[in-house]
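Visitor: Hey, dropping model_30.txt in here, compact mmCIF, C-alpha atoms:
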```
# COMPACT_ATOMS: atom_id res chain seq x y z
CA MET A 1 4.83 18.20 13.99
CA GLN A 2 3.62 20.32 16.88
CA GLU A 3 0.05 19.04 16.32
CA ILE A 4 1.28 15.44 16.52
CA MET A 5 3.17 16.10 19.78
CA THR A 6 0.07 17.75 21.24
CA LEU A 7 -2.08 14.77 20.26
CA ILE A 8 0.41 12.31 21.78
CA GLN A 9 0.11 14.10 25.12
CA ASP A 10 -3.69 14.31 24.97
CA PRO A 11 -5.52 11.35 26.64
CA ALA A 12 -8.70 12.21 24.70
CA ALA A 13 -6.76 11.77 21.45
CA TRP A 14 -5.68 8.26 22.52
CA VAL A 15 -9.26 7.33 23.36
CA ALA A 16 -10.37 8.64 19.94
CA LEU A 17 -7.57 6.67 18.25
CA ILE A 18 -8.43 3.37 19.98
CA THR A 19 -12.15 3.84 19.28
CA LEU A 20 -11.49 4.64 15.63
CA VAL A 21 -9.08 1.70 15.19
CA VAL A 22 -11.73 -0.69 16.56
CA MET A 23 -14.37 0.87 14.32
CA GLU A 24 -12.14 0.65 11.23
CA VAL A 25 -11.27 -2.99 11.96
CA VAL A 26 -14.96 -3.86 12.31
CA LEU A 27 -15.79 -2.04 9.08
CA GLY A 28 -12.90 -3.87 7.40
CA ILE A 29 -14.46 -7.29 8.15
CA ASP A 30 -16.86 -6.85 5.23
CA ASN A 31 -14.02 -6.11 2.86
CA LEU A 32 -11.94 -8.99 4.21
CA ILE A 33 -14.71 -11.58 3.77
CA PHE A 34 -15.18 -10.49 0.14
CA ILE A 35 -11.43 -10.64 -0.57
CA SER A 36 -11.15 -14.10 1.06
CA ILE A 37 -14.01 -15.60 -0.95
CA LEU A 38 -12.86 -14.05 -4.21
CA THR A 39 -9.18 -15.03 -3.92
CA ASN A 40 -10.06 -18.61 -2.90
CA LYS A 41 -11.43 -19.05 -6.44
CA LEU A 42 -7.95 -18.44 -7.88
CA PRO A 43 -5.27 -21.12 -8.29
CA PRO A 44 -3.41 -21.64 -4.95
CA GLU A 45 -0.18 -20.06 -6.20
CA HIS A 46 -1.95 -16.76 -6.98
CA ARG A 47 -4.12 -16.38 -3.87
CA GLU A 48 -1.58 -14.85 -1.47
CA LYS A 49 -0.44 -12.34 -4.09
CA ALA A 50 -4.02 -11.33 -4.89
CA ARG A 51 -4.84 -10.82 -1.18
CA LYS A 52 -1.77 -8.62 -0.65
CA ILE A 53 -2.53 -6.56 -3.76
CA GLY A 54 -6.19 -6.20 -2.79
CA ILE A 55 -5.48 -5.10 0.79
CA GLY A 56 -2.60 -2.89 -0.38
CA LEU A 57 -4.98 -1.15 -2.78
CA ALA A 58 -7.44 -0.69 0.10
CA LEU A 59 -4.73 1.07 2.13
CA VAL A 60 -3.65 3.28 -0.78
CA MET A 61 -7.25 4.21 -1.54
CA ARG A 62 -8.01 5.12 2.07
CA LEU A 63 -4.86 7.26 2.38
CA VAL A 64 -5.63 9.02 -0.91
CA LEU A 65 -9.17 9.74 0.28
CA LEU A 66 -7.80 11.05 3.58
CA GLY A 67 -5.72 13.50 1.57
CA THR A 68 -8.89 14.84 -0.01
CA ILE A 69 -11.06 15.21 3.10
CA ALA A 70 -12.60 18.46 1.88
CA TRP A 71 -13.81 16.63 -1.23
CA ILE A 72 -14.93 13.59 0.79
CA VAL A 73 -17.10 15.77 3.02
CA GLN A 74 -18.79 17.18 -0.10
CA LEU A 75 -19.78 13.63 -1.13
CA THR A 76 -22.48 13.77 1.54
CA GLU A 77 -24.16 16.85 0.05
CA PRO A 78 -27.40 16.05 -1.87
CA LEU A 79 -27.22 16.07 -5.68
CA PHE A 80 -30.91 15.48 -6.39
CA GLU A 81 -34.06 14.44 -4.58
CA ALA A 82 -36.23 11.41 -5.32
CA PHE A 83 -38.78 9.46 -3.27
CA GLY A 84 -38.45 12.09 -0.55
CA HIS A 85 -34.73 11.49 -0.12
CA GLY A 86 -31.82 13.71 -1.19
CA PHE A 87 -29.29 11.48 -2.94
CA SER A 88 -25.59 12.35 -2.58
CA TRP A 89 -22.52 10.87 -4.26
CA LYS A 90 -21.98 8.78 -1.12
CA ASP A 91 -25.51 7.35 -1.47
CA LEU A 92 -24.97 6.51 -5.13
CA ILE A 93 -21.63 4.84 -4.38
CA LEU A 94 -23.20 2.78 -1.57
CA ILE A 95 -26.13 1.73 -3.79
CA ALA A 96 -23.81 0.74 -6.64
CA GLY A 97 -21.55 -1.21 -4.27
CA GLY A 98 -24.54 -2.85 -2.61
CA LEU A 99 -26.00 -3.94 -5.93
CA PHE A 100 -22.63 -5.37 -6.96
CA LEU A 101 -22.31 -7.28 -3.68
CA VAL A 102 -25.85 -8.68 -3.95
CA TRP A 103 -25.20 -9.74 -7.56
CA LYS A 104 -21.81 -11.26 -6.73
CA ALA A 105 -23.03 -13.09 -3.61
CA THR A 106 -26.09 -14.44 -5.44
CA LYS A 107 -23.92 -15.65 -8.32
CA GLU A 108 -21.45 -17.34 -5.94
CA ILE A 109 -24.28 -18.99 -3.98
CA HIS A 110 -25.64 -20.35 -7.28
CA HIS A 111 -22.18 -21.70 -8.19
CA THR A 112 -21.83 -23.28 -4.74
CA VAL A 113 -25.24 -24.95 -4.99
CA ASP A 114 -24.61 -26.07 -8.59
CA PRO A 115 -21.04 -27.51 -8.72
CA GLU A 116 -21.28 -28.40 -12.42
CA ASP A 117 -21.99 -24.78 -13.34
CA HIS A 118 -19.08 -23.71 -11.14
CA GLN A 119 -16.74 -26.18 -12.86
CA GLU A 120 -17.69 -24.89 -16.31
CA ASP A 121 -17.18 -21.30 -15.17
CA PHE A 122 -13.74 -22.17 -13.77
CA ILE A 123 -12.62 -23.96 -16.94
CA ALA A 124 -13.87 -21.13 -19.14
CA ASN A 125 -11.61 -18.56 -17.45
CA SER A 126 -7.86 -18.52 -17.87
CA THR A 127 -5.63 -17.87 -14.85
CA THR A 128 -4.61 -14.43 -16.12
CA THR A 129 -8.17 -13.33 -16.79
CA GLY A 130 -9.29 -14.72 -13.41
CA PHE A 131 -6.50 -12.90 -11.55
CA ALA A 132 -7.14 -9.59 -13.34
CA SER A 133 -10.88 -9.94 -12.81
CA ALA A 134 -10.41 -10.68 -9.09
CA ILE A 135 -8.19 -7.61 -8.61
CA GLY A 136 -10.70 -5.45 -10.53
CA GLN A 137 -13.60 -6.61 -8.35
CA ILE A 138 -11.56 -6.14 -5.16
CA LEU A 139 -10.65 -2.63 -6.31
CA LEU A 140 -14.31 -1.80 -6.92
CA LEU A 141 -15.37 -2.94 -3.44
CA ASP A 142 -12.29 -1.28 -1.92
CA LEU A 143 -13.62 2.02 -3.25
CA VAL A 144 -17.07 1.50 -1.72
CA PHE A 145 -15.78 0.39 1.67
CA SER A 146 -13.04 3.05 1.68
CA VAL A 147 -15.54 5.89 1.13
CA ASP A 148 -17.74 4.52 3.94
CA SER A 149 -14.70 4.03 6.19
CA ILE A 150 -13.26 7.51 5.68
CA ILE A 151 -16.60 9.29 6.08
CA THR A 152 -17.02 7.38 9.36
CA ALA A 153 -13.53 8.47 10.44
CA VAL A 154 -14.23 12.11 9.57
CA GLY A 155 -17.38 11.95 11.66
CA MET A 156 -15.49 10.60 14.70
CA THR A 157 -12.46 12.90 14.88
CA PRO A 158 -11.28 16.12 13.22
CA HIS A 159 -7.57 15.18 13.52
CA LEU A 160 -5.98 13.86 10.33
CA PRO A 161 -2.99 12.13 12.07
CA ILE A 162 -5.42 10.06 14.18
CA MET A 163 -7.32 9.04 11.04
CA VAL A 164 -4.11 8.03 9.24
CA VAL A 165 -2.83 5.92 12.17
CA ALA A 166 -6.24 4.27 12.61
CA VAL A 167 -6.53 3.41 8.90
CA VAL A 168 -2.98 2.00 8.72
CA ALA A 169 -3.56 -0.06 11.89
CA ALA A 170 -6.89 -1.44 10.61
CA VAL A 171 -5.46 -2.38 7.20
CA THR A 172 -2.46 -4.04 8.92
CA VAL A 173 -4.89 -6.19 10.92
CA MET A 174 -6.65 -7.06 7.65
CA LEU A 175 -3.32 -8.04 6.08
CA VAL A 176 -2.43 -10.32 9.00
CA ALA A 177 -5.89 -11.91 9.18
CA ALA A 178 -6.47 -12.33 5.43
CA THR A 179 -4.70 -15.65 4.82
CA PRO A 180 -5.86 -17.44 8.02
CA LEU A 181 -9.45 -16.35 7.33
CA ALA A 182 -9.28 -17.43 3.68
CA ASN A 183 -7.79 -20.81 4.64
CA PHE A 184 -10.44 -21.33 7.32
CA ILE A 185 -13.22 -20.55 4.83
CA GLU A 186 -11.70 -22.93 2.27
CA ARG A 187 -11.39 -25.80 4.79
CA ASN A 188 -15.01 -25.47 5.89
CA PRO A 189 -17.50 -25.55 2.98
CA THR A 190 -20.45 -24.55 5.17
CA ILE A 191 -18.55 -21.42 6.21
CA VAL A 192 -18.42 -20.41 2.53
CA MET A 193 -22.22 -20.35 2.35
CA LEU A 194 -22.40 -18.42 5.64
CA ALA A 195 -19.85 -15.88 4.38
CA LEU A 196 -21.78 -15.45 1.13
CA ALA A 197 -24.95 -14.89 3.16
CA PHE A 198 -23.05 -12.21 5.11
CA LEU A 199 -22.09 -10.52 1.83
CA LEU A 200 -25.72 -10.67 0.69
CA MET A 201 -26.82 -9.01 3.93
CA ILE A 202 -24.06 -6.40 3.74
CA GLY A 203 -25.00 -5.59 0.13
CA THR A 204 -28.66 -5.18 1.11
CA THR A 205 -27.62 -2.95 4.02
CA LEU A 206 -25.51 -0.76 1.70
CA ILE A 207 -28.46 -0.33 -0.67
CA ALA A 208 -30.74 0.56 2.25
CA GLU A 209 -28.21 3.11 3.56
CA GLY A 210 -27.93 4.64 0.10
CA MET A 211 -31.71 4.90 -0.13
CA GLY A 212 -31.82 6.83 3.15
CA PHE A 213 -32.83 4.02 5.51
CA HIS A 214 -30.37 4.01 8.41
CA VAL A 215 -29.49 0.49 9.52
CA PRO A 216 -27.58 0.45 12.84
CA LYS A 217 -24.27 -1.35 12.23
CA GLY A 218 -24.51 -2.94 15.66
CA TYR A 219 -27.56 -4.96 14.61
CA VAL A 220 -25.85 -6.17 11.44
CA TYR A 221 -22.64 -7.26 13.18
CA ALA A 222 -24.56 -8.79 16.09
CA ALA A 223 -26.50 -10.93 13.59
CA MET A 224 -23.25 -11.91 11.88
CA ALA A 225 -21.61 -12.79 15.21
CA PHE A 226 -24.62 -14.87 16.31
CA SER A 227 -24.72 -16.76 13.00
CA ALA A 228 -20.97 -17.39 13.18
CA LEU A 229 -21.34 -18.70 16.75
CA VAL A 230 -24.10 -21.11 15.68
CA GLU A 231 -21.90 -22.35 12.82
CA VAL A 232 -18.96 -22.87 15.19
CA LEU A 233 -21.21 -24.96 17.47
CA ASN A 234 -22.30 -26.97 14.42
CA MET A 235 -18.65 -27.57 13.53
CA PHE A 236 -17.92 -28.81 17.05
CA ALA A 237 -20.96 -31.12 16.86
CA ARG A 238 -19.88 -32.51 13.46
CA ASN A 239 -16.32 -33.10 14.69
CA ALA A 240 -17.62 -34.85 17.82
CA ARG A 241 -19.82 -37.16 15.73
CA LYS A 242 -16.92 -37.89 13.39
CA ARG A 243 -14.61 -38.78 16.30
CA LYS A 244 -17.30 -41.04 17.73
CA ARG A 245 -17.73 -42.85 14.39
CA ASP A 246 -13.96 -43.23 14.00
CA ALA A 247 -13.67 -44.63 17.53
CA ALA A 248 -16.49 -47.11 16.82
CA HIS A 249 -14.61 -48.45 13.79
```
Do you think you could lay out the structure here as structure tokens?
Guide:
Amino acid sequence: MQEIMTLIQDPAAWVALITLVVMEVVLGIDNLIFISILTNKLPPEHREKARKIGIGLALVMRLVLLGTIAWIVQLTEPLFEAFGHGFSWKDLILIAGGLFLVWKATKEIHHTVDPEDHQEDFIANSTTTGFASAIGQILLLDLVFSVDSIITAVGMTPHLPIMVVAVVAAVTVMLVAATPLANFIERNPTIVMLALAFLLMIGTTLIAEGMGFHVPKGYVYAAMAFSALVEVLNMFARNARKRKRDAAH
């Protein structure tokens, strides 16, 4: 309790908290895009529930990992060396998560390009199996993004209360933004392809990080922001042309 009171009165602690909250929110974008795309494949009545469960699991996983910081720090210690790089548990988790994201994004892009294949896949899966499968995949990616998130938090501040508040705040933002983002993606088919391309890039970045090639996050998110801006301009252009055609008729 005394540590918390000391942190509340420390301006540096507030700066660290705000910085970490922003960082955790940015890191949570990847997770949120995946959850939105995955839950949009479920029947409408199950989507909201799946999003809440997925984001709730992300919060629980992050808090559990925060309770085992000593173990988390050990995840960065090399287990073996190959190709001139010492691989740690964190590296292996990032590579596995990256491969899963690349596979999933590639599969979804194929389904989007080939509607008939998508229709057959949808009919072949029952609602229960689809819901359970979606939660399982969200849980898997939650683990990957949670490990990355907590290791980032540990590197930014040594104070556990700051980490807990930052994680809870970031996940709350995810919870609020999940449904509007998912609805926006569903209403705009071209956004789906853009989001899948983001997942493909994020997966590739995770694999590169796991292999020892540092990819500055700023470059990745700048590319995502630029692509999103171009798509927004395209949407405005399409809407303007549509209004013009409607006015002509």
Visitor: I want to know what sits within 10 Å of A:Glu186, based on only C-alpha atoms, with residues of the same chain fewer than 3 positions away left out; could you give that as a ChimeraX atom specification?
Guide: /A:36-37,40-41,180-183,189-192
Visitor: Write a file of the selected residues as a short mmCIF file (atom, residue, chain, number, x, y, z; two decimals), in the coordinates of the input, keeping C-alpha atoms.
Guide:
```cif
data_model
loop_
_atom_site.label_atom_id
_atom_site.label_comp_id
_atom_site.auth_asym_id
_atom_site.auth_seq_id
_atom_site.Cartn_x
_atom_site.Cartn_y
_atom_site.Cartn_z
CA SER A 36 -11.15 -14.10 1.06
CA ILE A 37 -14.01 -15.60 -0.95
CA ASN A 40 -10.06 -18.61 -2.90
CA LYS A 41 -11.43 -19.05 -6.44
CA PRO A 180 -5.86 -17.44 8.02
CA LEU A 181 -9.45 -16.35 7.33
CA ALA A 182 -9.28 -17.43 3.68
CA ASN A 183 -7.79 -20.81 4.64
CA PRO A 189 -17.50 -25.55 2.98
CA THR A 190 -20.45 -24.55 5.17
CA ILE A 191 -18.55 -21.42 6.21
CA VAL A 192 -18.42 -20.41 2.53
#
```
Visitor: Between A:Leu139, A:Leu94, A:Ala132, A:Leu17, which residue has the minimum interatomic distance to A:Ala58, considering all atoms listed in the file?
Guide: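 For A:Ala58, the nearest of the given residues is A:Leu139.
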Visitor: Which polymer residues have any atom within 9 Å of an atom of stretch 164-176 of chain A, counting all atoms listed in the file, with same-chain residues fewer than 2 positions away left out, as a PyMOL selection string?
Guide: chain A and resi 17-26+28-29+31-32+51-52+55-56+58-59+62-63+66+149-150+153+160-162+178-180
Visitor: Pull C-alpha atoms from the residues just selected and write them as a short mmCIF file (atom, residue, chain, number, x, y, z; two decimals), in the coordinates of the input.
Guide:
```
data_model
loop_
_atom_site.label_atom_id
_atom_site.label_comp_id
_atom_site.auth_asym_id
_atom_site.auth_seq_id
_atom_site.Cartn_x
_atom_site.Cartn_y
_atom_site.Cartn_z
CA LEU A 17 -7.57 6.67 18.25
CA ILE A 18 -8.43 3.37 19.98
CA THR A 19 -12.15 3.84 19.28
CA LEU A 20 -11.49 4.64 15.63
CA VAL A 21 -9.08 1.70 15.19
CA VAL A 22 -11.73 -0.69 16.56
CA MET A 23 -14.37 0.87 14.32
CA GLU A 24 -12.14 0.65 11.23
CA VAL A 25 -11.27 -2.99 11.96
CA VAL A 26 -14.96 -3.86 12.31
CA GLY A 28 -12.90 -3.87 7.40
CA ILE A 29 -14.46 -7.29 8.15
CA ASN A 31 -14.02 -6.11 2.86
CA LEU A 32 -11.94 -8.99 4.21
CA ARG A 51 -4.84 -10.82 -1.18
CA LYS A 52 -1.77 -8.62 -0.65
CA ILE A 55 -5.48 -5.10 0.79
CA GLY A 56 -2.60 -2.89 -0.38
CA ALA A 58 -7.44 -0.69 0.10
CA LEU A 59 -4.73 1.07 2.13
CA ARG A 62 -8.01 5.12 2.07
CA LEU A 63 -4.86 7.26 2.38
CA LEU A 66 -7.80 11.05 3.58
CA SER A 149 -14.70 4.03 6.19
CA ILE A 150 -13.26 7.51 5.68
CA ALA A 153 -13.53 8.47 10.44
CA LEU A 160 -5.98 13.86 10.33
CA PRO A 161 -2.99 12.13 12.07
CA ILE A 162 -5.42 10.06 14.18
CA ALA A 178 -6.47 -12.33 5.43
CA THR A 179 -4.70 -15.65 4.82
CA PRO A 180 -5.86 -17.44 8.02
#
```
Visitor: Just give me the gap between atom CA of A:Leu57 and atom CA of A:Lys217 in Å, one decimal is fine.
Guide: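 Taking atom CA of A:Leu57 as the start and atom CA of A:Lys217 as the end point, the length is 24.4 Å.
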Visitor: Any idea what the distance is between atom CA of A:His110 and atom CA of A:Val230?
Guide: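 Taking atom CA of A:His110 as the start and atom CA of A:Val230 as the end point, the length is 23.0 Å.
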Visitor: Nearest to A:Phe34 among A:Glu108, A:Glu77, A:Glu231, A:Glu209, with distances taken over all atoms listed in the file: which residue is it?
Guide: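 Answer, going by the shortest atom-to-atom distance: A:Glu108.
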Visitor: For the atom pair atom CA of A:Glu48 and atom CA of A:Lys107, what is the interatomic distance in Å to one decimal place?
Guide: 23.4 Å
Visitor: Have a look at A:Val113, A:Leu99, A:Leu141, A:Met211 and name the one nearest to A:Asp30; count only C-alpha atoms.
Guide: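 The answer is A:Leu141, which sits nearest to A:Asp30.
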Visitor: Between A:Ile35, A:Val144, A:Leu233, A:Leu65, which is the closest to A:Met163 once you count only C-alpha atoms?
Guide: A:Leu65
